[in-house]
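Just below is one structure, and these are the notes that go with it.
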Amino acid sequence: MQVDNGHEGGSSPRLIIAARELTRQYGQGESTVHALAGVSLDVEPGEMVALMGPSGSGKSTLMQILGLLDRPTSGTYELRGRSVAQIGSGEAARLRGRRIGFVFQSINLLPRLTARSNVELPMVYARMKPPERRVRVSESLERLGVGHLAHRRPSQMSGGQAQRVAIARAIAPGPDLLLADEPTGALDRASGQAVLAAFQELNRDLGLTIIVVTHDPLVARHAGRIVELEDGRVVADRQVEDRIVEPAPATKGVTA
Ligand code: ADP
Ligand code: MG
């Protein structure tokens, strides 16, 4: 793990993410895998970024480091101007619980819990008080257009509905950074579109910073910027000229 640069509060307070020359190696000796081979990435608050690249290019590894689920082998990472090298595991867990939301391709709701309880559980772990939890659960389910499913279990929902409950769970604690790894990968086209509409609305209305991994160029064009990885390096980083903007009501009352 890399040491910080000596600046108390970090050097890039304007950025939500400032990563420099991140590497991540798995294994040792001949079998060493260089999952990241020197990735630098700046993300401003309120950006929506698509992360693309072939399978094995390091997308998930990068997301795990950005989300404090993993640490780089070398390089520096400042999250909101703070060097993560200085953040201990307890505080990292707290930041993950409140400030960073995660959405995955495998929707991973707990099957025996209702939508409401699934959304509430991380806030129980984050030690939020019950009244605040209740408000946040209702607000986030409504925001994702799945308020009417509050008392259903995952098996009583479509895949798209379940993924929107999972997004509600991710945003309920009030994060300012949402990391989504192939969130539409397991969904049909209409459900995927509803998820993308929800992301755009969260980005626009709440100013949520979003990084979304995808290998679908159409999905990527919903972002404002596309970053491409190859063999653990950034090979392209550009603004999207022909951005696709989904109509906002798609997240309200949609049953797809
Ligand atoms: P992507 O998400 O772009 O498909 P990953 O970040 O999952 O890529 O993986 C990048 C490289 O690191 C791949 O070669 C993968 O096999 C390897 N890798 C990822 N996680 C591990 C791990 N826990 N142990 C060993 N190798 C890993
Ligand atoms: Mg991956």
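Quick note on naming: the chains in the structure tokens go A, B, ... in the order shown, residues restart at 1 in each chain, and ligands are numbered from 1 in order of appearance.
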If you count only C-alpha atoms, which residues fall within 9 Å of segment 189-202 of chain A, apart from same-chain ones fewer than 3 positions away, as a CSV table (one decimal) with N, CA, C and O atoms, in the first residue's frame?
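around02.csv written:
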```
chain,number,residue,atom,x,y,z
A,48,MET,N,-21.3,11.8,-14.1
A,48,MET,CA,-21.8,10.4,-14.3
A,48,MET,C,-20.8,9.8,-15.3
A,48,MET,O,-20.8,10.2,-16.5
A,143,ARG,N,-38.6,6.9,-4.8
A,143,ARG,CA,-37.8,7.6,-5.8
A,143,ARG,C,-37.5,6.6,-6.9
A,143,ARG,O,-37.3,7.0,-8.1
A,144,LEU,N,-37.3,5.3,-6.6
A,144,LEU,CA,-37.0,4.3,-7.6
A,144,LEU,C,-38.3,3.8,-8.2
A,144,LEU,O,-38.2,2.8,-9.0
A,145,GLY,N,-39.4,4.3,-7.9
A,145,GLY,CA,-40.6,3.8,-8.5
A,145,GLY,C,-41.1,2.4,-8.0
A,145,GLY,O,-41.8,1.7,-8.7
A,158,SER,N,-40.0,-8.8,-10.5
A,158,SER,CA,-39.2,-9.0,-11.7
A,158,SER,C,-37.8,-8.7,-11.4
A,158,SER,O,-37.4,-8.0,-10.4
A,159,GLY,N,-36.9,-9.1,-12.3
A,159,GLY,CA,-35.4,-8.7,-12.1
A,159,GLY,C,-35.2,-7.2,-12.1
A,159,GLY,O,-34.4,-6.7,-11.3
A,160,GLY,N,-35.9,-6.5,-13.0
A,160,GLY,CA,-35.8,-5.1,-13.0
A,160,GLY,C,-36.3,-4.4,-11.7
A,160,GLY,O,-35.6,-3.4,-11.3
A,161,GLN,N,-37.4,-4.9,-11.2
A,161,GLN,CA,-37.9,-4.4,-10.0
A,161,GLN,C,-36.9,-4.6,-8.8
A,161,GLN,O,-36.6,-3.7,-8.0
A,163,GLN,N,-33.7,-5.0,-9.0
A,163,GLN,CA,-32.5,-4.2,-9.2
A,163,GLN,C,-32.8,-2.8,-8.7
A,163,GLN,O,-32.0,-2.1,-8.1
A,164,ARG,N,-34.1,-2.3,-9.0
A,164,ARG,CA,-34.4,-0.9,-8.5
A,164,ARG,C,-34.5,-0.9,-7.0
A,164,ARG,O,-34.2,0.1,-6.3
A,167,ILE,N,-31.0,-0.6,-5.9
A,167,ILE,CA,-30.5,0.8,-6.0
A,167,ILE,C,-31.1,1.6,-4.9
A,167,ILE,O,-30.4,2.5,-4.3
A,183,PRO,N,-24.7,-3.0,-13.8
A,183,PRO,CA,-26.0,-3.1,-13.1
A,183,PRO,C,-27.1,-3.5,-14.0
A,183,PRO,O,-28.2,-4.0,-13.6
A,184,THR,N,-26.9,-3.4,-15.3
A,184,THR,CA,-28.0,-3.8,-16.3
A,184,THR,C,-27.6,-5.1,-17.0
A,184,THR,O,-28.4,-5.6,-17.8
A,185,GLY,N,-26.5,-5.7,-16.5
A,185,GLY,CA,-26.0,-6.9,-17.2
A,185,GLY,C,-26.9,-8.1,-17.2
A,185,GLY,O,-26.9,-8.9,-18.1
A,186,ALA,N,-27.8,-8.2,-16.2
A,186,ALA,CA,-28.7,-9.3,-16.1
A,186,ALA,C,-30.1,-9.0,-16.4
A,186,ALA,O,-31.0,-9.8,-16.2
A,205,ASP,N,-31.0,15.1,-10.1
A,205,ASP,CA,-31.7,15.7,-9.0
A,205,ASP,C,-31.0,15.8,-7.7
A,205,ASP,O,-31.2,16.7,-6.9
A,206,LEU,N,-30.2,14.8,-7.4
A,206,LEU,CA,-29.5,14.7,-6.1
A,206,LEU,C,-28.0,15.1,-6.3
A,206,LEU,O,-27.3,15.2,-5.3
A,207,GLY,N,-27.6,15.3,-7.5
A,207,GLY,CA,-26.2,15.6,-7.7
A,207,GLY,C,-25.2,14.4,-7.4
A,207,GLY,O,-24.0,14.6,-7.1
A,208,LEU,N,-25.8,13.2,-7.3
A,208,LEU,CA,-25.1,12.0,-7.0
A,208,LEU,C,-24.0,11.7,-8.1
A,208,LEU,O,-24.3,11.7,-9.2
A,209,THR,N,-22.8,11.5,-7.6
A,209,THR,CA,-21.7,11.1,-8.5
A,209,THR,C,-21.8,9.6,-8.8
A,209,THR,O,-21.9,8.9,-7.8
A,210,ILE,N,-21.8,9.3,-10.1
A,210,ILE,CA,-22.1,7.9,-10.4
A,210,ILE,C,-21.0,7.3,-11.3
A,210,ILE,O,-20.6,8.0,-12.3
A,219,VAL,N,-25.4,1.6,-23.1
A,219,VAL,CA,-25.5,1.9,-21.7
A,219,VAL,C,-24.5,3.0,-21.4
A,219,VAL,O,-24.9,4.0,-20.7
A,222,HIS,N,-25.3,6.7,-21.8
A,222,HIS,CA,-26.2,7.4,-20.8
A,222,HIS,C,-25.3,8.3,-19.9
A,222,HIS,O,-25.9,9.1,-19.1
A,223,ALA,N,-24.0,8.0,-19.9
A,223,ALA,CA,-23.2,8.8,-19.0
A,223,ALA,C,-22.7,10.1,-19.7
A,223,ALA,O,-22.9,10.2,-20.9
A,245,VAL,N,-30.5,10.6,-23.2
A,245,VAL,CA,-31.2,11.0,-21.9
A,245,VAL,C,-32.6,10.4,-21.9
A,245,VAL,O,-33.4,10.5,-22.7
A,246,GLU,N,-32.7,9.6,-20.8
A,246,GLU,CA,-34.0,8.9,-20.6
A,246,GLU,C,-35.0,9.8,-20.0
A,246,GLU,O,-34.7,10.7,-19.2
A,247,PRO,N,-36.3,9.7,-20.4
A,247,PRO,CA,-37.3,10.6,-19.8
A,247,PRO,C,-37.5,10.3,-18.3
A,247,PRO,O,-37.5,9.1,-17.9
A,248,ALA,N,-37.5,11.3,-17.5
A,248,ALA,CA,-37.6,11.1,-16.0
A,248,ALA,C,-38.7,10.2,-15.5
A,248,ALA,O,-38.4,9.5,-14.6
A,249,PRO,N,-39.9,10.3,-16.0
A,249,PRO,CA,-41.0,9.5,-15.4
A,249,PRO,C,-40.8,8.0,-15.5
A,249,PRO,O,-41.5,7.3,-14.8
A,250,ALA,N,-39.8,7.6,-16.2
A,250,ALA,CA,-39.6,6.2,-16.3
A,250,ALA,C,-39.4,5.5,-15.0
A,250,ALA,O,-39.6,4.3,-14.8
A,251,THR,N,-38.9,6.3,-14.0
A,251,THR,CA,-38.7,5.6,-12.7
A,251,THR,C,-39.9,5.6,-11.8
A,251,THR,O,-39.9,5.1,-10.7
A,254,VAL,N,-43.3,2.6,-12.9
A,254,VAL,CA,-43.0,1.6,-14.0
A,254,VAL,C,-43.1,0.2,-13.4
A,254,VAL,O,-42.6,0.0,-12.3
A,255,THR,N,-43.6,-0.7,-14.1
A,255,THR,CA,-43.7,-2.1,-13.6
A,255,THR,C,-42.7,-3.1,-14.2
A,255,THR,O,-42.6,-4.2,-13.9
A,256,ALA,N,-41.9,-2.6,-15.2
A,256,ALA,CA,-41.0,-3.4,-15.9
A,256,ALA,C,-40.0,-4.1,-15.0
A,256,ALA,O,-39.6,-3.5,-14.0
```
Quiz item: Quick one: residues within 12 Å of ligand 2, with only C-alpha atoms and all ligand atoms, as a ChimeraX atom specification?
Solution: /A:35,51-64,104-106,180-183,185,212-215,229,232
Output C-alpha atoms of each residue in that selection to a file, as a short mmCIF file (atom, residue, chain, number, x, y, z; two decimals), in the first residue's frame.
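Contents of the output file again_35.cif:
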```
data_model
loop_
_atom_site.label_atom_id
_atom_site.label_comp_id
_atom_site.auth_asym_id
_atom_site.auth_seq_id
_atom_site.Cartn_x
_atom_site.Cartn_y
_atom_site.Cartn_z
CA ALA A 35 -5.05 -6.31 -12.60
CA LEU A 51 -16.24 2.62 -17.20
CA MET A 52 -15.77 0.31 -20.17
CA GLY A 53 -13.25 -2.28 -21.28
CA PRO A 54 -12.96 -5.95 -22.17
CA SER A 55 -13.43 -8.69 -19.60
CA GLY A 56 -10.37 -8.88 -17.35
CA SER A 57 -9.26 -5.29 -18.04
CA GLY A 58 -9.49 -4.36 -14.35
CA LYS A 59 -12.88 -2.63 -14.14
CA SER A 60 -14.13 -4.47 -11.06
CA THR A 61 -10.75 -4.23 -9.37
CA LEU A 62 -10.77 -0.47 -9.86
CA MET A 63 -14.33 -0.16 -8.58
CA GLN A 64 -13.44 -2.12 -5.44
CA PHE A 104 -23.91 -5.06 -8.64
CA GLN A 105 -24.98 -7.19 -11.58
CA SER A 106 -25.98 -10.01 -9.23
CA ALA A 180 -22.44 0.28 -10.12
CA ASP A 181 -20.72 -2.77 -11.62
CA GLU A 182 -22.67 -3.99 -14.68
CA PRO A 183 -26.01 -3.06 -13.11
CA GLY A 185 -26.00 -6.89 -17.23
CA VAL A 212 -21.12 2.67 -13.88
CA VAL A 213 -19.25 -0.29 -15.36
CA THR A 214 -20.66 -1.64 -18.59
CA HIS A 215 -19.52 -3.27 -21.79
CA LEU A 229 -9.64 0.37 -19.54
CA GLY A 232 -5.23 -2.42 -16.33
#
```
Self-check item: Surrounding residues of segment 97-100 of chain A excluding itself and chain neighbours under 6 positions, 7 Å, only C-alpha atoms, as an MDAnalysis selection string
Solution: chainID A and resid 67 122 126 173:178
Quiz prompt | Leu149 of chain A environment, 12 Å, only C-alpha atoms, sequence neighbours closer than 6 positions dropped, as a list in words | solution =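 Listing them by chain and then by number gives Thr114, Ala115, Arg116, Ser117, Asn118, Val119, Val137, Ser138, Leu141, Glu142, Ser155, Gln156, Met157, Ser158, Gln161, Ala162, Arg164, Val165, Ala168, Gly253, Val254 and Thr255 of chain A.
One distance worth recording is that between atom CA of Leu66 of chain A and atom CA of Ser40 of chain A, which is 11.5 Å.
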Practice problem: Enumerate as a ChimeraX atom specification all residues of segment 68-104 of chain A assigned to strand (DSSP E) by DSSP on the backbone, naming them with the chain letters and numbers the document uses. | Solution: /A:74-79,82-83,100-104
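Proximity ranking of A:Arg96, A:His151, A:Arg233, A:Arg80 relative to ligand 1 places A:Arg233 first, based on only C-alpha atoms and all ligand atoms.
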Quiz item: Would you give me, as a ChimeraX atom specification, the residues in segment 30-233 of chain A that DSSP reads as helix (DSSP H, G or I)?
Solution: /A:30-31,59-66,84-86,89-98,115-125,130-143,147-149,154-156,159-171,189-205,217-220
Practice problem: Can you work out the spacing between atom CA of Glu241 of chain A and atom CA of Leu218 of chain A in Å, to one decimal? | Solution: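 Taking atom CA of Glu241 of chain A and atom CA of Leu218 of chain A, their separation equals 12.9 Å.
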Practice problem: Rounded to one decimal place, report the atom CA of Ile65 of chain A-atom CA of Leu79 of chain A distance in Å. | Solution: 10.7 Å
Quiz item: Between A:Leu36, A:Val135, A:Leu179, A:Ile171, which has the minimum distance to ligand 1 (counting only C-alpha atoms and all ligand atoms)?
Solution: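 When distances to ligand 1 are compared using only C-alpha atoms and all ligand atoms, the smallest one comes from A:Leu36.
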